[in-house]
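Chemist: Supplied structure: model-v8.cif, mmCIF, C-alpha atoms.
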data_start
loop_
_atom_site.label_atom_id
_atom_site.label_comp_id
_atom_site.auth_asym_id
_atom_site.auth_seq_id
_atom_site.Cartn_x
_atom_site.Cartn_y
_atom_site.Cartn_z
CA MET I 1 93.03 182.15 46.46
CA GLN I 2 90.22 179.95 45.13
CA LYS I 3 90.40 177.97 48.37
CA MET I 4 89.61 181.15 50.29
CA LEU I 5 86.73 182.07 48.00
CA ASP I 6 85.24 178.59 48.32
CA ALA I 7 85.52 178.83 52.10
CA ALA I 8 83.90 182.28 52.04
CA GLU I 9 80.93 180.83 50.15
CA ARG I 10 80.53 178.01 52.67
CA VAL I 11 80.65 180.45 55.58
CA LEU I 12 78.13 182.76 53.94
CA ILE I 13 75.65 179.92 53.38
CA ARG I 14 76.19 178.34 56.81
CA ASP I 15 76.44 181.41 59.04
CA GLY I 16 74.66 184.10 57.01
CA TYR I 17 75.68 187.57 55.90
CA HIS I 18 75.53 189.21 59.33
CA ALA I 19 77.81 186.61 60.93
CA PHE I 20 80.25 186.55 58.02
CA SER I 21 83.80 187.56 58.96
CA THR I 22 87.34 187.19 57.62
CA ARG I 23 88.26 185.39 60.83
CA ARG I 24 85.63 182.71 60.25
CA VAL I 25 86.67 182.31 56.64
CA ALA I 26 90.34 181.94 57.63
CA ALA I 27 89.39 179.24 60.11
CA GLU I 28 87.20 177.50 57.52
CA CYS I 29 90.02 177.21 54.99
CA ASP I 30 92.69 176.59 57.65
CA VAL I 31 94.91 179.60 56.94
CA SER I 32 96.05 182.38 59.22
CA LEU I 33 94.01 185.56 59.39
CA GLY I 34 97.08 187.50 58.25
CA HIS I 35 97.44 185.31 55.18
CA LEU I 36 93.79 185.85 54.26
CA THR I 37 93.85 189.60 54.78
CA TYR I 38 96.99 189.86 52.63
CA TYR I 39 94.75 189.02 49.66
CA PHE I 40 91.53 190.51 51.05
CA PRO I 41 92.29 193.31 53.52
CA ALA I 42 88.62 194.00 54.26
CA ARG I 43 85.52 191.88 54.73
CA GLU I 44 83.79 193.73 51.90
CA GLU I 45 86.61 192.97 49.46
CA LEU I 46 86.38 189.27 50.25
CA LEU I 47 82.60 189.31 49.82
CA ARG I 48 82.85 191.07 46.47
CA ALA I 49 85.50 188.68 45.18
CA MET I 50 83.40 185.75 46.33
CA ILE I 51 80.24 186.98 44.64
CA SER I 52 82.12 187.53 41.37
CA ALA I 53 83.40 183.95 41.52
CA VAL I 54 79.95 182.60 42.33
CA MET I 55 78.32 184.53 39.50
CA ALA I 56 80.93 183.34 37.02
CA ARG I 57 80.54 179.72 38.11
CA TYR I 58 76.77 179.76 38.12
CA GLY I 59 76.66 181.63 34.83
CA GLU I 60 78.75 178.86 33.29
CA ARG I 61 76.27 176.28 34.59
CA ILE I 62 73.47 178.21 32.88
CA ARG I 63 75.41 178.39 29.61
CA VAL I 64 76.09 174.64 29.70
CA ALA I 65 72.41 173.92 30.40
CA SER I 66 71.39 176.23 27.55
CA ALA I 67 73.90 174.66 25.17
CA SER I 68 72.71 171.15 26.03
CA ALA I 69 69.27 172.12 24.74
CA HIS I 70 69.63 171.62 21.00
CA ALA I 71 66.95 174.29 20.58
CA ARG I 72 65.26 172.63 17.63
CA THR I 73 61.77 172.49 19.12
CA GLY I 74 59.70 173.89 21.93
CA ASP I 75 60.53 170.74 23.89
CA ASP I 76 64.15 171.91 24.15
CA VAL I 77 62.99 175.20 25.65
CA ARG I 78 60.68 173.28 27.97
CA GLU I 79 63.63 171.16 29.18
CA LEU I 80 65.62 174.30 29.95
CA LEU I 81 62.70 175.69 31.95
CA GLU I 82 62.46 172.40 33.85
CA TRP I 83 66.12 172.65 34.81
CA LEU I 84 65.87 176.29 35.89
CA LEU I 85 62.82 175.74 38.09
CA CYS I 86 64.13 172.55 39.69
CA ASP I 87 67.58 174.01 40.36
CA THR I 88 66.21 177.08 42.12
CA VAL I 89 64.68 175.01 44.95
CA THR I 90 67.78 172.91 45.70
CA ASN I 91 69.46 173.46 49.06
CA GLU I 92 72.70 174.63 47.43
CA THR I 93 71.17 177.21 45.10
CA SER I 94 68.42 178.47 47.40
CA GLY I 95 70.75 178.77 50.40
CA LEU I 96 73.32 180.68 48.40
CA PHE I 97 70.95 183.09 46.71
CA ARG I 98 69.04 183.95 49.86
CA GLU I 99 72.29 185.23 51.33
CA LEU I 100 73.32 186.95 48.11
CA TRP I 101 70.05 188.90 48.19
CA VAL I 102 70.86 190.06 51.72
CA LEU I 103 74.39 190.95 50.66
CA ALA I 104 73.09 192.92 47.68
CA LYS I 105 70.83 194.90 50.00
CA HIS I 106 73.84 196.11 52.02
CA ASP I 107 76.49 196.47 49.31
CA ALA I 108 76.02 198.49 46.11
CA VAL I 109 78.82 196.66 44.28
CA ALA I 110 77.30 193.29 45.16
CA ALA I 111 73.89 194.55 44.05
CA ARG I 112 75.29 195.40 40.61
CA GLU I 113 76.93 191.96 40.38
CA VAL I 114 73.68 190.19 41.22
CA LEU I 115 71.71 192.31 38.75
CA GLN I 116 74.28 191.62 36.03
CA PHE I 117 74.00 187.92 36.74
CA TYR I 118 70.24 187.97 36.21
CA GLU I 119 70.68 189.95 32.99
CA SER I 120 73.19 187.33 31.76
CA LEU I 121 70.79 184.54 32.70
CA ILE I 122 67.99 186.17 30.74
CA GLU I 123 70.24 186.66 27.71
CA SER I 124 71.10 182.95 27.79
CA PHE I 125 67.38 182.19 27.63
CA VAL I 126 66.91 184.71 24.80
CA GLN I 127 69.67 183.11 22.74
CA THR I 128 68.27 179.61 23.27
CA ALA I 129 64.63 180.54 22.63
CA ALA I 130 65.50 182.60 19.55
CA GLN I 131 66.65 179.43 17.79
CA VAL I 132 63.17 177.94 18.19
CA TYR I 133 61.19 181.18 17.82
CA PRO I 134 63.19 183.28 15.33
CA SER I 135 60.16 185.42 14.48
CA ILE I 136 59.83 186.70 18.05
CA GLU I 137 61.67 189.94 18.69
CA ALA I 138 64.56 189.78 21.15
CA GLN I 139 62.96 192.35 23.44
CA ARG I 140 59.80 190.25 23.68
CA LEU I 141 61.95 187.23 24.61
CA ARG I 142 63.67 189.34 27.26
CA GLN I 143 60.28 190.21 28.72
CA ILE I 144 59.42 186.53 28.88
CA GLY I 145 62.85 185.91 30.42
CA HIS I 146 62.00 188.33 33.20
CA VAL I 147 58.75 186.44 33.79
CA ILE I 148 60.84 183.28 34.18
CA GLY I 149 63.05 185.11 36.67
CA MET I 150 59.99 186.04 38.71
CA LEU I 151 58.90 182.40 38.69
CA THR I 152 62.28 180.94 39.65
CA GLU I 153 63.03 183.40 42.44
CA GLY I 154 59.48 183.05 43.72
CA GLY I 155 60.06 179.31 43.71
CA THR I 156 63.03 179.77 46.03
CA VAL I 157 60.94 181.80 48.45
CA LEU I 158 57.93 179.47 48.44
CA PHE I 159 59.37 175.99 48.02
CA ALA I 160 63.01 175.84 49.11
CA GLY I 161 63.82 174.58 52.59
CA PRO I 162 61.95 172.48 55.15
CA GLY I 163 58.38 172.94 56.30
CA GLU I 164 54.86 171.91 55.41
CA ARG I 165 53.21 173.63 52.45
CA SER I 166 49.60 173.65 51.33
CA VAL I 167 50.73 173.12 47.72
CA ASP I 168 53.58 170.89 46.53
CA PHE I 169 56.26 172.16 44.18
CA GLU I 170 55.54 169.34 41.73
CA GLU I 171 51.93 170.50 41.49
CA VAL I 172 52.77 174.01 40.32
CA ARG I 173 55.99 173.42 38.39
CA PRO I 174 54.17 172.08 35.28
CA MET I 175 51.75 175.01 35.50
CA ALA I 176 54.62 177.51 35.52
CA ILE I 177 56.25 175.85 32.52
CA GLN I 178 52.97 175.74 30.63
CA MET I 179 52.38 179.42 31.32
CA VAL I 180 55.75 180.35 29.82
CA MET I 181 55.21 178.08 26.81
CA GLN I 182 51.83 179.72 26.19
CA LEU I 183 53.57 183.09 26.14
CA LEU I 184 55.86 181.78 23.41
CA GLU I 185 53.64 179.62 21.24
CA PRO I 186 50.80 182.08 20.42
CA VAL I 187 53.41 184.65 19.38
CA ARG I 188 54.95 182.19 16.95
CA ALA I 189 51.51 181.30 15.58
CA GLU I 190 50.64 184.96 15.06
CA ALA I 191 53.98 185.55 13.35
CA ASN I 192 53.15 182.87 10.75
CA PRO I 193 49.82 183.98 9.20
CA VAL I 194 49.91 181.28 6.50
CA ARG I 195 50.14 178.52 9.06
CA THR I 196 47.53 180.21 11.25
CA ALA I 197 45.12 180.61 8.32
CA ALA I 198 45.58 176.98 7.29
CA ARG I 199 44.91 175.84 10.83
CA ALA I 200 41.75 177.99 10.96
CA ALA I 201 40.55 176.56 7.64
CA ARG I 202 41.01 173.01 8.91
CA SER I 203 39.08 173.90 12.03
CA ARG I 204 36.17 175.32 10.03
CA LYS I 205 36.14 172.26 7.79
CA GLN I 206 35.99 169.92 10.79
CA LYS I 207 33.11 171.87 12.29
CA SER I 208 31.13 171.75 9.04
CA THR I 209 31.40 167.94 8.76
#
As structure tokens - that is how I would like this structure written.

Modeler:
Amino acid sequence: MQKMLDAAERVLIRDGYHAFSTRRVAAECDVSLGHLTYYFPAREELLRAMISAVMARYGERIRVASASAHARTGDDVRELLEWLLCDTVTNETSGLFRELWVLAKHDAVAAREVLQFYESLIESFVQTAAQVYPSIEAQRLRQIGHVIGMLTEGGTVLFAGPGERSVDFEEVRPMAIQMVMQLLEPVRAEANPVRTAARAARSRKQKST
């Protein structure tokens, strides 16, 4: 069955949602149409099974990337952001998610799967960032996670695929990361008034000398 789901993903990326069919998937994985439809009687059932498999696989990649960040310092969070932004403009990820967005537009079940995936992705970020910024409330981290989602999906739209662009991805990627880090760091500073006061006192002392 996994062979069929893998073939369905390849067909979706290569041919697009509107050209997707059980016949093409059967040909792609070299099985008879009858054999395929025994497991997936309708095109929609195959698409839904495929999207569940994709979400599970990609979610695992996110969890591994989050776990690899030891989450001791802001640099660990920065590394996770680097991975997220760079991955979203790869041919594999961008090609797949463009079609999943189209699929979600036409299928309510698929739309729920995609939304749940993004919620899981944001929770992975919350869990990682909370280890570095324990004083920041989880809901605030979720808000920042949604900002990251806006940046990554916007990156797919603006920078994935061929074509000339007036701005290079490498020019704006550091800016996006810095913006997110600035959302995190001031909150941590405000949550530690002793450290903030000490820093202000040092600043006043330097100015007076």

Chemist: Excluding Ser52 (chain I) and its own-chain neighbours fewer than 4 positions away, which residues fall within 9 Å of it when counting only C-alpha atoms? Please give them as a compact mmCIF listing (two decimals) with C-alpha atoms, in the coordinates of the input.

Modeler:
# COMPACT_ATOMS: atom_id res chain seq x y z
CA LEU I 47 82.60 189.31 49.82
CA ARG I 48 82.85 191.07 46.47
CA ALA I 56 80.93 183.34 37.02
CA ARG I 57 80.54 179.72 38.11
CA ALA I 110 77.30 193.29 45.16
CA GLU I 113 76.93 191.96 40.38
CA VAL I 114 73.68 190.19 41.22

Chemist: Under the rule that only C-alpha atoms are counted, which of I:Ala130, I:Met4, I:Ile62, I:Leu103 is the nearest residue to Tyr38 (chain I)?

Modeler: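 Of I:Ala130, I:Met4, I:Ile62, I:Leu103, the one nearest Tyr38 (chain I) is I:Met4, counting only C-alpha atoms.
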
Chemist: I'd like to know which of I:Ser135, I:Gln2, I:Ser120, I:Thr152 is closest to Met50 (chain I), using all atoms listed in the file.

Modeler: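 Selected residue with least distance to Met50 (chain I): I:Gln2.
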
Chemist: Near Ala26 (chain I), within 9 Å and counting only C-alpha atoms, which residues show up once chain neighbours fewer than 6 positions away are dropped, as a compact mmCIF listing (two decimals) with C-alpha atoms, in the frame of the given file?

Modeler:
# COMPACT_ATOMS: atom_id res chain seq x y z
CA MET I 4 89.61 181.15 50.29
CA ALA I 7 85.52 178.83 52.10
CA ALA I 8 83.90 182.28 52.04
CA SER I 32 96.05 182.38 59.22
CA LEU I 33 94.01 185.56 59.39
CA GLY I 34 97.08 187.50 58.25
CA HIS I 35 97.44 185.31 55.18
CA LEU I 36 93.79 185.85 54.26
CA THR I 37 93.85 189.60 54.78

Chemist: Interatomic distance between CA of Thr156 (chain I) and CA of Thr88 (chain I)?

Modeler: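 Atom-to-atom, CA of Thr156 (chain I) to CA of Thr88 (chain I), that is 5.7 Å.
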
Chemist: Can you turn the PyMOL selection byres ((chain I and resi 143) around 12) into a concrete residue list for this file, as number ranges by chain?

Modeler: I: 119, 122-123, 125-126, 136-142, 144-150, 180, 183-184

Chemist: Would you output that residue set with C-alpha atoms, as a PDB file, in the coordinates of the input?

Modeler:
ATOM      1  CA  GLU I 119      70.680 189.950  32.990  1.00  0.00           C
ATOM      2  CA  ILE I 122      67.990 186.170  30.740  1.00  0.00           C
ATOM      3  CA  GLU I 123      70.240 186.660  27.710  1.00  0.00           C
ATOM      4  CA  PHE I 125      67.380 182.190  27.630  1.00  0.00           C
ATOM      5  CA  VAL I 126      66.910 184.710  24.800  1.00  0.00           C
ATOM      6  CA  ILE I 136      59.830 186.700  18.050  1.00  0.00           C
ATOM      7  CA  GLU I 137      61.670 189.940  18.690  1.00  0.00           C
ATOM      8  CA  ALA I 138      64.560 189.780  21.150  1.00  0.00           C
ATOM      9  CA  GLN I 139      62.960 192.350  23.440  1.00  0.00           C
ATOM     10  CA  ARG I 140      59.800 190.250  23.680  1.00  0.00           C
ATOM     11  CA  LEU I 141      61.950 187.230  24.610  1.00  0.00           C
ATOM     12  CA  ARG I 142      63.670 189.340  27.260  1.00  0.00           C
ATOM     13  CA  ILE I 144      59.420 186.530  28.880  1.00  0.00           C
ATOM     14  CA  GLY I 145      62.850 185.910  30.420  1.00  0.00           C
ATOM     15  CA  HIS I 146      62.000 188.330  33.200  1.00  0.00           C
ATOM     16  CA  VAL I 147      58.750 186.440  33.790  1.00  0.00           C
ATOM     17  CA  ILE I 148      60.840 183.280  34.180  1.00  0.00           C
ATOM     18  CA  GLY I 149      63.050 185.110  36.670  1.00  0.00           C
ATOM     19  CA  MET I 150      59.990 186.040  38.710  1.00  0.00           C
ATOM     20  CA  VAL I 180      55.750 180.350  29.820  1.00  0.00           C
ATOM     21  CA  LEU I 183      53.570 183.090  26.140  1.00  0.00           C
ATOM     22  CA  LEU I 184      55.860 181.780  23.410  1.00  0.00           C
TER      23      LEU I 184
END

Chemist: Leaving out Gly16 (chain I) and any residue of its chain fewer than 4 positions from it, which residues lie within 12 Å of it when counting only C-alpha atoms, given as a list in words?

Modeler: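 Residues meeting the cut-off are Ala8, Glu9, Arg10, Val11, Leu12, Phe20, Ser21, Arg24, Leu47, Gly95, Leu96, Phe97, Arg98, Glu99, Leu100, Trp101, Val102 and Leu103 of chain I.
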
Chemist: Please indicate the distance in Å from CA of Glu79 (chain I) to CA of Arg173 (chain I), rounded to one decimal place.

Modeler: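 Interatomic distance here is 12.2 Å.
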
Chemist: Any idea what the distance is between CA of Ser124 (chain I) and CA of Leu151 (chain I)?

Modeler: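 Atom-to-atom, CA of Ser124 (chain I) to CA of Leu151 (chain I), that is 16.4 Å.
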
Chemist: Point out the residue among I:Asp107, I:Glu153, I:Met181, I:Ile13 with the least atom-to-atom distance to Cys86 (chain I), counting all atoms listed in the file.

Modeler: I:Glu153

Chemist: Using all atoms listed in the file, which of I:Leu84, I:Arg112, I:Lys105, I:Ala49 sits nearest Leu5 (chain I)?

Modeler: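 When distances to Leu5 (chain I) are compared using all atoms listed in the file, the smallest one comes from I:Ala49.
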
Chemist: Edge lengths and centre, in Å to one decimal, as lines of an AutoDock Vina configuration file: that's what I need for the box along x, y and z that holds all listed atoms of region 125-134 of chain I plus 6 Å on each side.

Modeler:
center_x = 65.4
center_y = 181.3
center_z = 21.5
size_x = 20.5
size_y = 18.8
size_z = 24.3
